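Below: model_3.tsv (TSV, C-alpha atoms)
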```
chain	number	residue	atom	x	y	z
U	11	MET	CA	-121.03	162.49	137.08
U	12	SER	CA	-123.26	161.31	139.90
U	13	ASP	CA	-123.80	157.62	140.34
U	14	PHE	CA	-126.24	155.49	142.33
U	15	ARG	CA	-124.09	155.44	145.45
U	16	GLN	CA	-123.64	159.21	145.50
U	17	SER	CA	-127.34	159.97	145.09
U	18	GLN	CA	-128.18	157.35	147.71
U	19	ASN	CA	-125.77	158.95	150.18
U	20	GLU	CA	-127.32	162.35	149.55
U	21	ALA	CA	-130.90	161.10	149.93
U	22	HIS	CA	-133.12	162.09	152.81
U	23	PRO	CA	-132.65	159.85	155.94
U	24	ASN	CA	-136.28	158.73	155.69
U	25	LYS	CA	-135.64	157.40	152.21
U	26	ARG	CA	-132.52	155.56	153.34
U	27	SER	CA	-134.45	154.08	156.25
U	28	THR	CA	-137.20	152.82	153.96
U	29	LEU	CA	-134.61	151.27	151.65
U	30	MET	CA	-132.94	149.58	154.62
U	31	THR	CA	-136.27	148.17	155.83
U	32	GLY	CA	-137.12	146.98	152.32
U	33	ILE	CA	-133.82	145.12	152.01
U	34	ILE	CA	-134.22	143.45	155.40
U	35	VAL	CA	-137.81	142.40	154.64
U	36	LEU	CA	-136.70	140.89	151.31
U	37	GLN	CA	-133.83	139.04	152.97
U	38	ILE	CA	-136.09	137.63	155.68
U	39	LEU	CA	-138.42	136.45	152.90
U	40	PHE	CA	-135.52	134.78	151.06
U	41	VAL	CA	-134.24	133.05	154.19
U	42	THR	CA	-137.76	131.82	155.04
U	43	ILE	CA	-138.19	130.27	151.59
U	44	GLN	CA	-134.71	128.72	151.83
U	45	ILE	CA	-135.57	127.09	155.18
U	46	TRP	CA	-138.73	125.71	153.58
U	47	PHE	CA	-136.67	124.34	150.65
U	48	LEU	CA	-134.10	122.78	152.98
U	49	PHE	CA	-136.80	121.09	155.06
U	50	GLY	CA	-138.46	119.71	151.92
U	51	ALA	CA	-135.15	118.53	150.44
U	52	LEU	CA	-134.15	116.74	153.65
U	53	ASN	CA	-137.45	114.90	153.73
U	54	ASN	CA	-137.44	114.04	150.05
U	55	ALA	CA	-133.77	113.03	149.87
U	56	LEU	CA	-134.66	110.21	152.27
U	57	GLN	CA	-137.12	108.94	149.67
U	58	ASP	CA	-134.48	108.99	146.92
U	59	ASN	CA	-136.19	111.95	145.29
U	60	LEU	CA	-133.03	113.47	143.84
U	61	ASN	CA	-134.80	115.78	141.38
U	62	PHE	CA	-136.49	117.62	144.21
U	63	ALA	CA	-133.17	118.02	146.03
U	64	ILE	CA	-131.51	119.43	142.88
U	65	THR	CA	-134.37	121.87	142.20
U	66	THR	CA	-134.39	123.21	145.77
U	67	ALA	CA	-130.59	123.49	145.82
U	68	VAL	CA	-130.66	125.60	142.63
U	69	GLY	CA	-133.48	127.73	144.09
U	70	SER	CA	-131.65	128.14	147.38
U	71	LEU	CA	-128.42	129.17	145.61
U	72	THR	CA	-130.36	131.70	143.53
U	73	PHE	CA	-131.83	133.23	146.69
U	74	ALA	CA	-128.38	133.33	148.30
U	75	PHE	CA	-126.93	135.19	145.30
U	76	ALA	CA	-129.93	137.57	145.39
U	77	SER	CA	-129.22	138.21	149.08
U	78	PHE	CA	-125.57	139.04	148.36
U	79	TRP	CA	-126.60	141.24	145.42
U	80	LEU	CA	-129.03	143.16	147.66
U	81	LEU	CA	-126.11	144.19	149.91
U	82	ARG	CA	-124.99	146.41	147.04
U	83	TYR	CA	-127.99	148.64	147.74
U	84	LEU	CA	-127.39	148.77	151.49
U	85	PRO	CA	-127.21	152.47	152.46
U	86	GLY	CA	-123.88	153.59	153.90
U	87	SER	CA	-123.70	154.01	157.67
U	88	ILE	CA	-124.45	157.51	159.02
U	89	LYS	CA	-121.28	157.37	161.12
U	90	HIS	CA	-119.09	157.18	158.04
U	91	LYS	CA	-121.02	159.91	156.30
U	92	THR	CA	-120.46	162.46	159.07
U	93	LYS	CA	-116.71	161.81	159.21
Y	239	MET	CA	-113.46	171.54	192.18
Y	240	SER	CA	-113.61	169.32	189.13
Y	241	LYS	CA	-111.94	165.93	189.17
Y	242	ASP	CA	-109.94	164.58	186.34
Y	243	PRO	CA	-112.41	162.23	184.53
Y	244	ASN	CA	-109.61	159.86	183.64
Y	245	ALA	CA	-108.34	159.59	187.18
Y	246	GLU	CA	-110.84	156.95	188.29
Y	247	ILE	CA	-110.92	154.99	185.07
Y	248	PRO	CA	-108.64	151.94	185.23
Y	249	LYS	CA	-105.84	151.84	182.73
Y	250	TRP	CA	-107.25	148.85	180.85
Y	251	LYS	CA	-110.43	150.81	180.24
Y	252	GLN	CA	-108.50	153.77	178.94
Y	253	ASP	CA	-106.68	151.48	176.53
Y	254	PHE	CA	-109.93	149.95	175.23
Y	255	PRO	CA	-112.50	152.73	175.32
Y	256	ILE	CA	-115.39	150.63	173.99
Y	257	GLU	CA	-118.63	151.01	175.87
Y	258	GLN	CA	-120.73	147.94	176.50
Y	259	LYS	CA	-123.71	149.61	174.83
Y	260	GLU	CA	-121.61	150.12	171.72
Y	261	ALA	CA	-120.24	146.57	171.76
Y	262	THR	CA	-123.63	144.86	172.07
Y	263	HIS	CA	-125.52	147.12	169.68
Y	264	VAL	CA	-126.54	145.43	166.42
Y	265	SER	CA	-127.22	147.91	163.68
Y	266	ARG	CA	-129.64	147.25	160.84
Y	267	ARG	CA	-126.65	147.07	158.47
Y	268	GLU	CA	-125.09	144.31	160.57
Y	269	PHE	CA	-128.42	142.48	160.75
Y	270	ALA	CA	-128.78	142.60	156.96
Y	271	LYS	CA	-125.25	141.18	156.61
Y	272	PHE	CA	-126.07	138.42	159.10
Y	273	LEU	CA	-129.18	137.51	157.09
Y	274	THR	CA	-127.03	137.30	153.95
Y	275	LEU	CA	-124.60	134.96	155.68
Y	276	LEU	CA	-127.51	132.83	156.91
Y	277	SER	CA	-128.88	132.72	153.37
Y	278	GLY	CA	-125.47	131.55	152.09
Y	279	ALA	CA	-125.28	128.87	154.79
Y	280	LEU	CA	-128.73	127.54	153.87
Y	281	ALA	CA	-127.73	127.38	150.20
Y	282	VAL	CA	-124.59	125.43	151.17
Y	283	GLY	CA	-126.78	123.04	153.20
Y	284	SER	CA	-129.14	122.42	150.28
Y	285	THR	CA	-126.19	121.84	147.94
Y	286	ALA	CA	-124.61	119.44	150.44
Y	287	ILE	CA	-127.76	117.25	150.33
Y	288	VAL	CA	-127.43	116.93	146.53
Y	289	VAL	CA	-123.68	116.25	146.72
Y	290	LYS	CA	-124.20	113.59	149.40
Y	291	SER	CA	-126.98	111.91	147.40
Y	292	ILE	CA	-124.86	111.77	144.24
Y	293	ALA	CA	-121.39	111.09	145.66
Y	294	PHE	CA	-122.31	108.76	148.52
Y	295	PRO	CA	-125.45	106.85	147.56
Y	296	GLU	CA	-126.75	104.32	150.05
Y	297	LYS	CA	-125.64	100.80	149.14
Y	298	PRO	CA	-128.50	98.35	148.64
Y	299	LEU	CA	-128.51	95.16	150.68
Y	300	VAL	CA	-126.73	92.38	148.81
Y	301	GLY	CA	-127.54	88.68	149.14
Y	302	GLU	CA	-129.52	86.77	151.71
Y	303	HIS	CA	-128.90	87.13	155.41
Y	304	PRO	CA	-129.76	84.34	157.89
Y	305	ILE	CA	-131.68	85.73	160.88
Y	306	CYS	CA	-133.01	82.95	163.08
Y	307	MET	CA	-134.89	79.64	163.09
Y	308	GLU	CA	-138.57	79.71	162.17
Y	309	SER	CA	-139.40	78.13	165.55
Y	310	ASP	CA	-137.68	80.95	167.46
Y	311	VAL	CA	-140.47	83.42	166.66
Y	312	PRO	CA	-143.97	82.22	167.67
Y	313	GLU	CA	-147.04	83.45	165.80
Y	314	GLY	CA	-147.88	87.06	166.58
Y	315	GLU	CA	-144.40	87.75	167.96
Y	316	SER	CA	-141.59	89.85	166.58
Y	317	PHE	CA	-137.83	89.52	166.61
Y	318	MET	CA	-135.29	92.35	166.46
Y	319	PHE	CA	-132.11	92.00	164.44
Y	320	GLU	CA	-129.43	94.19	162.93
Y	321	ILE	CA	-127.68	94.06	159.58
Y	322	GLU	CA	-124.19	95.49	159.21
Y	323	GLY	CA	-123.78	97.45	156.00
Y	324	SER	CA	-122.50	100.93	155.21
Y	325	LYS	CA	-124.28	101.62	158.52
Y	326	THR	CA	-125.87	99.30	161.05
Y	327	ILE	CA	-129.64	99.30	160.66
Y	328	PRO	CA	-132.02	97.67	163.16
Y	329	TYR	CA	-134.87	95.63	161.68
Y	330	LEU	CA	-137.99	93.99	163.02
Y	331	LEU	CA	-138.98	90.49	161.89
Y	332	ILE	CA	-142.70	89.79	162.38
Y	333	ASN	CA	-144.48	86.45	162.28
Y	334	LEU	CA	-148.03	87.39	161.27
Y	335	GLY	CA	-149.21	83.81	161.34
Y	336	ALA	CA	-150.37	81.47	158.56
Y	337	GLY	CA	-146.87	81.48	157.10
Y	338	GLU	CA	-146.82	85.23	156.60
Y	339	TRP	CA	-143.54	86.86	157.59
Y	340	ARG	CA	-142.49	90.48	157.24
Y	341	ALA	CA	-139.30	92.41	157.98
Y	342	PHE	CA	-139.25	96.21	158.36
Y	343	GLU	CA	-136.70	98.78	159.39
Y	344	GLN	CA	-137.26	99.41	163.07
Y	345	LYS	CA	-136.69	103.16	162.87
Y	346	CYS	CA	-139.89	105.21	162.63
Y	347	THR	CA	-139.84	107.44	159.54
Y	348	HIS	CA	-140.94	110.37	161.69
Y	349	LEU	CA	-138.13	110.84	164.23
Y	350	SER	CA	-136.38	107.44	164.20
Y	351	CYS	CA	-137.94	106.05	167.38
Y	352	ALA	CA	-137.94	102.25	167.67
Y	353	VAL	CA	-141.26	100.83	166.47
Y	354	LYS	CA	-142.81	97.64	167.87
Y	355	TYR	CA	-145.37	95.14	166.62
Y	356	ARG	CA	-148.68	95.06	168.52
Y	357	HIS	CA	-150.39	91.77	167.73
Y	358	ASP	CA	-153.47	92.80	169.79
Y	359	LEU	CA	-153.97	95.78	167.46
Y	360	GLY	CA	-152.64	94.07	164.36
Y	361	GLN	CA	-150.47	97.12	163.72
Y	362	ILE	CA	-146.91	98.34	164.10
Y	363	GLU	CA	-146.82	101.11	166.66
Y	364	CYS	CA	-144.40	103.94	167.22
Y	365	PRO	CA	-144.79	104.68	170.95
Y	366	CYS	CA	-143.18	108.15	170.75
Y	367	HIS	CA	-145.90	110.01	168.85
Y	368	LYS	CA	-148.52	107.30	168.32
Y	369	GLY	CA	-147.75	106.57	164.69
Y	370	TYR	CA	-149.24	103.35	163.32
Y	371	PHE	CA	-148.11	101.28	160.33
Y	372	ASN	CA	-149.69	98.44	158.39
Y	373	PRO	CA	-147.75	95.26	159.36
Y	374	ARG	CA	-148.23	93.76	155.88
Y	375	THR	CA	-147.17	96.68	153.68
Y	376	GLY	CA	-145.45	99.09	156.09
Y	377	ASP	CA	-147.78	101.90	154.98
Y	378	VAL	CA	-148.67	104.65	157.43
Y	379	ILE	CA	-152.15	104.17	158.93
Y	380	GLN	CA	-152.19	107.05	161.36
Y	381	GLY	CA	-149.98	109.63	163.01
Y	382	PRO	CA	-147.10	111.89	162.04
Y	383	PRO	CA	-144.77	109.51	160.07
Y	384	PRO	CA	-144.39	110.91	156.53
Y	385	ARG	CA	-143.27	107.72	154.76
Y	386	PRO	CA	-143.89	103.95	154.95
Y	387	LEU	CA	-141.36	101.78	156.80
Y	388	PRO	CA	-138.62	100.40	154.49
Y	389	GLN	CA	-139.21	96.68	154.00
Y	390	LEU	CA	-137.08	93.59	153.39
Y	391	GLU	CA	-138.19	90.38	151.71
Y	392	VAL	CA	-138.39	87.34	153.99
Y	393	VAL	CA	-137.46	83.89	152.70
Y	394	ILE	CA	-138.07	80.70	154.70
Y	395	ARG	CA	-135.87	77.77	153.74
Y	396	ASP	CA	-135.39	74.55	155.70
Y	397	GLY	CA	-136.95	76.08	158.80
Y	398	GLN	CA	-134.56	78.99	158.75
Y	399	VAL	CA	-135.51	82.64	158.18
Y	400	PHE	CA	-133.49	84.70	155.71
Y	401	VAL	CA	-133.96	88.31	154.59
Y	402	LYS	CA	-132.93	90.00	151.36
Y	403	ALA	CA	-133.52	93.33	149.62
Y	404	GLN	CA	-137.01	93.69	148.18
Y	405	GLN	CA	-137.28	93.28	144.43
Y	406	ALA	CA	-138.24	96.59	142.83
```

Once you've parsed the file, please lay out its structure as C-alpha cells.
Amino acid sequence: MSDFRQSQNEAHPNKRSTLMTGIIVLQILFVTIQIWFLFGALNNALQDNLNFAITTAVGSLTFAFASFWLLRYLPGSIKHKTK
Amino acid sequence: MSKDPNAEIPKWKQDFPIEQKEATHVSRREFAKFLTLLSGALAVGSTAIVVKSIAFPEKPLVGEHPICMESDVPEGESFMFEIEGSKTIPYLLINLGAGEWRAFEQKCTHLSCAVKYRHDLGQIECPCHKGYFNPRTGDVIQGPPPRPLPQLEVVIRDGQVFVKAQQA
C-alpha cells in the first residue's frame, strides 16, 4: 500500500521543490508573527497586562507546534534517494 | 605521466575528506529545520514572560521612605534618589513650586535613559530621543516613550519629604 511519504518521494522534482518552498514560506510567516507577539508581550508585560502575555504565549506555542508539524511534510533529500 | 592524486594531499585531509563547499553549504532542508528551531525558541521566550510575571511578580513599595529636607530642593529644582527593593530603582523628586511635589521613576519608558526635569520648559525631558513627559501626571507629551513614567506619592511632614507607593 502506498503512503504519503512514498508518493512524495516518487513525485516529480518540480513538485518537491514547490512543496519545499511552500513550507519555508509558511515557516517564515510563523516566525514573523511570533516575533511580533514577543515584542508586544514584552511591552505589555511591563504594564502588568498579563492577559496579553498569556494570549501571545499560547499563540506563539501554537505556531511553534505548527512549525514542527510542517517538518513532517519536508521532502526527503535527493542524496538519500539516489543511494 | 599521471601523478597519484593522493600523493600531494596531506594525510589529515585524506582522513577528513570534507570539502569546504560541502561544509558551508546550507540546504533548504537545513534552513527549514533552523526556522523550526527558531520558532520553538520564540515560543519558549513568550512562555518565559508569562512564567516570570506569575512566579516572580514585582513587589510593590511598602511604607514611607524619607528622602530629604524640604529646604534641600529649591522651587523648580529636582533631586535624584534611589530606593532599594527587589531591585534598586532611581527616582526623581521634583519641586514644582506652590507646594506641589512629584516623584517619578527616572528611567525613560522608551529605552531606560535617565530623564531630567526642565523647569524652563515645564516638562520632564529624556535627552536620548527627545521624549517629553508631563511633570504633574507623568504622561507622555511627545516622542517615542510608549508609557507614562511610574509615579510615587510625595508626603511632606515636619519639613521632611517622604515618598510612598501611589494609592490605586

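Using all atoms listed in the file, the nearest neighbour of Trp46 in chain U within the list Y:Thr347, Y:Ser284, Y:Thr274, Y:Thr262 is Y:Ser284.
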
Considering only C-alpha atoms, extract the chain Y residues located within 9 Å of chain U and return them as a CSV table (one decimal) with C-alpha atoms, keeping the file's coordinate frame.
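Saved result, result15.csv, follows:
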```
chain,number,residue,atom,x,y,z
Y,266,ARG,CA,-129.6,147.2,160.8
Y,267,ARG,CA,-126.6,147.1,158.5
Y,269,PHE,CA,-128.4,142.5,160.8
Y,270,ALA,CA,-128.8,142.6,157.0
Y,271,LYS,CA,-125.2,141.2,156.6
Y,273,LEU,CA,-129.2,137.5,157.1
Y,274,THR,CA,-127.0,137.3,154.0
Y,275,LEU,CA,-124.6,135.0,155.7
Y,276,LEU,CA,-127.5,132.8,156.9
Y,277,SER,CA,-128.9,132.7,153.4
Y,278,GLY,CA,-125.5,131.6,152.1
Y,279,ALA,CA,-125.3,128.9,154.8
Y,280,LEU,CA,-128.7,127.5,153.9
Y,281,ALA,CA,-127.7,127.4,150.2
Y,282,VAL,CA,-124.6,125.4,151.2
Y,283,GLY,CA,-126.8,123.0,153.2
Y,284,SER,CA,-129.1,122.4,150.3
Y,285,THR,CA,-126.2,121.8,147.9
Y,286,ALA,CA,-124.6,119.4,150.4
Y,287,ILE,CA,-127.8,117.2,150.3
Y,288,VAL,CA,-127.4,116.9,146.5
Y,291,SER,CA,-127.0,111.9,147.4
Y,292,ILE,CA,-124.9,111.8,144.2
Y,384,PRO,CA,-144.4,110.9,156.5
Y,385,ARG,CA,-143.3,107.7,154.8
```

Please identify all polymer residues within 6 Å of range 331-343 of chain Y, counting only C-alpha atoms, omitting same-chain residues fewer than 6 positions from it, and present them as a VMD selection string. chain Y and resid 313 to 317 388 to 390

Distance of CA of Gly369 in chain Y from CA of Leu349 in chain Y, expressed in Å to one decimal place: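 Calculated distance between CA of Leu349 in chain Y and CA of Gly369 in chain Y is 10.5 Å.
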
Residues within 9 Å of Pro328 in chain Y, all atoms listed in the file, excluding chain neighbours under 6 positions, as a list in words: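 In the requested format, the answer is Met318, Phe319, Glu320, Ile321, Phe342, Glu343, Gln344, Lys345 and Ala352 of chain Y.
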
Could you please determine the separation between CA of Gln398 in chain Y and CA of Cys306 in chain Y in Å, to one decimal place?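 Atom-to-atom, CA of Gln398 in chain Y to CA of Cys306 in chain Y, that is 6.1 Å.
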
Residue contacts of range 391-394 of chain Y (6 Å, only C-alpha atoms) excluding same-chain residues fewer than 5 positions away, as an MDAnalysis selection string: chainID Y and resid 399:404

Please measure the separation of CA of Tyr355 in chain Y and CA of Asp310 in chain Y, giving the value in Å to one decimal.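 Going from CA of Tyr355 in chain Y over to CA of Asp310 in chain Y, I get 16.2 Å.
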
Need the axis-aligned box for range 26-41 of chain U with 8 Å each side, so what are the centre and edges in Å to one decimal, as AutoDock Vina command-line options?
```
--center_x -135.5 --center_y 144.3 --center_z 153.7 --size_x 21.9 --size_y 38.5 --size_z 21.2
```

What would range 11-82 of chain U look like if you wrote it out as a short mmCIF file (atom, residue, chain, number, x, y, z; two decimals), in the first residue's frame, with C-alpha atoms included, from the block I just posted?
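Resulting contents of result-v7.cif:
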```
data_model
loop_
_atom_site.label_atom_id
_atom_site.label_comp_id
_atom_site.auth_asym_id
_atom_site.auth_seq_id
_atom_site.Cartn_x
_atom_site.Cartn_y
_atom_site.Cartn_z
CA MET U 11 0.00 0.00 0.00
CA SER U 12 1.46 3.37 -0.90
CA ASP U 13 1.50 6.06 1.71
CA PHE U 14 2.10 9.82 1.67
CA ARG U 15 5.85 9.51 2.08
CA GLN U 16 6.21 7.03 -0.77
CA SER U 17 4.17 9.08 -3.23
CA GLN U 18 6.04 12.21 -2.18
CA ASN U 19 9.39 10.52 -2.82
CA GLU U 20 8.21 9.41 -6.25
CA ALA U 21 6.88 12.85 -7.20
CA HIS U 22 8.45 14.99 -9.88
CA PRO U 23 11.39 17.15 -8.58
CA ASN U 24 9.48 20.31 -9.52
CA LYS U 25 6.64 19.28 -7.25
CA ARG U 26 9.01 18.55 -4.38
CA SER U 27 10.68 21.91 -4.91
CA THR U 28 7.35 23.73 -4.76
CA LEU U 29 6.44 21.88 -1.57
CA MET U 30 9.79 22.80 -0.04
CA THR U 31 9.31 26.47 -0.95
CA GLY U 32 5.77 26.42 0.44
CA ILE U 33 6.95 25.01 3.77
CA ILE U 34 9.74 27.58 4.09
CA VAL U 35 7.39 30.47 3.24
CA LEU U 36 4.90 29.26 5.87
CA GLN U 37 7.63 28.91 8.48
CA ILE U 38 8.97 32.40 7.77
CA LEU U 39 5.40 33.68 8.19
CA PHE U 40 5.04 31.85 11.53
CA VAL U 41 8.36 33.15 12.84
CA THR U 42 7.48 36.72 11.79
CA ILE U 43 4.17 36.59 13.67
CA GLN U 44 5.94 35.09 16.70
CA ILE U 45 8.47 37.94 16.75
CA TRP U 46 5.56 40.39 16.61
CA PHE U 47 3.87 38.57 19.53
CA LEU U 48 7.07 38.53 21.58
CA PHE U 49 7.64 42.26 21.03
CA GLY U 50 4.05 43.03 22.04
CA ALA U 51 4.21 40.77 25.11
CA LEU U 52 7.48 42.33 26.31
CA ASN U 53 5.99 45.79 26.06
CA ASN U 54 2.69 44.86 27.66
CA ALA U 55 4.19 42.74 30.46
CA LEU U 56 5.83 45.94 31.70
CA GLN U 57 2.37 47.43 32.07
CA ASP U 58 1.13 44.45 34.10
CA ASN U 59 -1.02 43.33 31.19
CA LEU U 60 -0.82 39.62 31.97
CA ASN U 61 -3.76 38.60 29.75
CA PHE U 62 -1.96 39.85 26.67
CA ALA U 63 1.19 37.94 27.65
CA ILE U 64 -0.82 34.71 28.14
CA THR U 65 -2.66 35.08 24.82
CA THR U 66 0.54 35.71 22.84
CA ALA U 67 2.32 32.83 24.60
CA VAL U 68 -0.48 30.43 23.62
CA GLY U 69 -0.41 31.78 20.05
CA SER U 70 3.36 31.50 19.87
CA LEU U 71 3.29 27.91 21.16
CA THR U 72 0.62 27.03 18.59
CA PHE U 73 2.80 28.41 15.80
CA ALA U 74 5.82 26.51 17.14
CA PHE U 75 3.86 23.23 17.12
CA ALA U 76 2.64 24.03 13.59
CA SER U 77 6.26 24.58 12.53
CA PHE U 78 7.31 21.21 13.95
CA TRP U 79 4.28 19.53 12.34
CA LEU U 80 5.22 21.02 8.95
CA LEU U 81 8.58 19.21 9.09
CA ARG U 82 6.60 16.01 8.57
#
```
